[in-house]
file start.txt (compact mmCIF, C-alpha atoms)
# COMPACT_ATOMS: atom_id res chain seq x y z
CA MET A 295 26.21 -43.48 55.75
CA ALA A 296 25.90 -45.38 58.99
CA ASN A 297 23.52 -44.33 61.70
CA ILE A 298 25.28 -42.36 64.47
CA GLU A 299 23.68 -44.64 67.07
CA VAL A 300 25.27 -47.68 65.42
CA LEU A 301 28.64 -45.92 65.30
CA ASN A 302 28.43 -44.92 68.96
CA TYR A 303 27.46 -48.46 69.89
CA SER A 304 30.38 -49.83 67.87
CA VAL A 305 32.83 -47.50 69.59
CA LEU A 306 31.60 -48.60 73.01
CA ARG A 307 31.77 -52.29 72.10
CA CYS A 308 35.23 -52.01 70.54
CA GLY A 309 36.32 -50.15 73.66
CA GLY A 310 35.46 -53.18 75.75
CA ALA A 311 31.94 -52.39 76.93
CA SER A 312 29.57 -55.32 77.18
CA GLN A 313 26.36 -55.31 75.19
CA GLY A 314 24.39 -54.36 78.31
CA ARG A 315 26.81 -51.60 79.27
CA ALA A 316 26.74 -50.12 75.76
CA CYS A 317 22.92 -50.09 75.81
CA ALA A 318 22.90 -48.41 79.22
CA GLU A 319 25.42 -45.78 78.10
CA LEU A 320 23.30 -44.98 75.05
CA GLY A 321 20.01 -45.20 76.93
CA VAL A 322 18.46 -47.74 74.57
CA SER A 323 16.19 -50.69 75.34
CA SER A 324 17.44 -54.25 75.28
CA GLY A 325 15.39 -54.85 72.12
CA ARG A 326 17.11 -51.96 70.36
CA GLY A 327 20.39 -53.28 71.77
CA LEU A 328 19.84 -56.57 69.94
CA VAL A 329 19.40 -54.65 66.68
CA LEU A 330 22.55 -52.61 67.35
CA GLU A 331 24.52 -55.74 68.27
CA ALA A 332 23.43 -57.49 65.07
CA SER A 333 24.48 -54.46 63.04
CA PHE A 334 27.78 -54.28 64.91
CA LEU A 335 28.59 -57.94 64.33
CA ARG A 336 27.56 -57.74 60.68
CA ARG A 337 30.27 -55.12 60.13
CA ASP A 338 33.06 -57.10 61.84
CA PRO A 339 32.21 -60.42 63.50
CA ASP A 340 35.73 -60.62 64.95
CA ALA A 341 35.54 -57.20 66.59
CA VAL A 342 34.71 -58.60 70.02
CA ARG A 343 37.23 -61.42 69.92
CA PRO A 344 40.59 -60.83 71.60
CA ARG A 345 43.19 -59.80 69.04
CA PHE A 346 45.46 -62.72 69.83
CA ALA A 347 42.65 -65.15 69.00
CA ARG A 348 42.88 -64.11 65.34
CA HIS A 349 46.64 -64.46 65.00
CA ALA A 350 47.42 -68.12 64.55
CA ARG A 351 50.79 -67.21 63.01
CA HIS A 352 51.74 -65.28 66.15
CA VAL A 353 50.86 -68.21 68.41
CA LYS A 354 52.77 -70.62 66.17
CA ALA A 355 55.84 -68.34 66.19
CA ALA A 356 55.66 -67.86 69.97
CA LEU A 357 55.44 -71.60 70.56
CA ALA A 358 58.36 -72.19 68.20
CA ALA A 359 60.39 -69.67 70.19
CA GLY A 360 59.78 -71.48 73.46
CA GLY A 361 56.18 -70.71 74.29
CA PHE A 362 54.49 -68.10 76.38
CA PRO A 363 55.76 -67.01 79.79
CA VAL A 364 54.01 -68.41 82.87
CA LEU A 365 53.00 -65.84 85.42
CA LYS A 366 53.35 -66.97 89.03
CA ARG A 367 51.58 -65.50 92.00
call {"tool": "encode", "arguments": {"input": "start.txt", "output": "C-alpha cells"}}
result
Amino acid sequence: MANIEVLNYSVLRCGGASQGRACAELGVSSGRGLVLEASFLRRDPDAVRPRFARHARHVKAALAAGGFPVLKR
C-alpha cells in the first residue's frame, strides 16, 4: 500500500499545485519533496502534462474540422 504522504502529494500535484506548493501544504522539506516528486512521476509521468498534450488524435481531428478557435482580446 502506498504511503499516505505520497498519496496526499499526488492529490495536490494532480490538482494543479506546483512541487513547491505541494511541499509547503504538506510541511515537508525540499529534499523530501524531491523524493515525493520522484515517486509521483514514477506512478504516472504524464500526470503533470496538460490532458490535451496526450491526445494527438484529438488535435488531428480538430485540425481536420477547421482548427482551433482564435480568441481575440
call {"tool": "closest_residue", "arguments": {"input": "start.txt", "among": "A:Glu331, A:Arg336, A:Ala350, A:Val364", "to": "A:Ala311", "atoms": "all atoms listed in the file"}}
result
A:Glu331
call {"tool": "closest_residue", "arguments": {"input": "start.txt", "among": "A:Ala316, A:Val305, A:Ala355, A:Val300", "to": "A:Leu330", "atoms": "all atoms listed in the file"}}
result
A:Val300
call {"tool": "closest_residue", "arguments": {"input": "start.txt", "among": "A:Gly309, A:Glu299, A:His352, A:Leu365", "to": "A:Val329", "atoms": "only C-alpha atoms"}}
result
A:Glu299
call {"tool": "closest_residue", "arguments": {"input": "start.txt", "among": "A:Gly314, A:Asp338, A:Ser333, A:Val322", "to": "A:Asn297", "atoms": "only C-alpha atoms"}}
result
A:Ser333
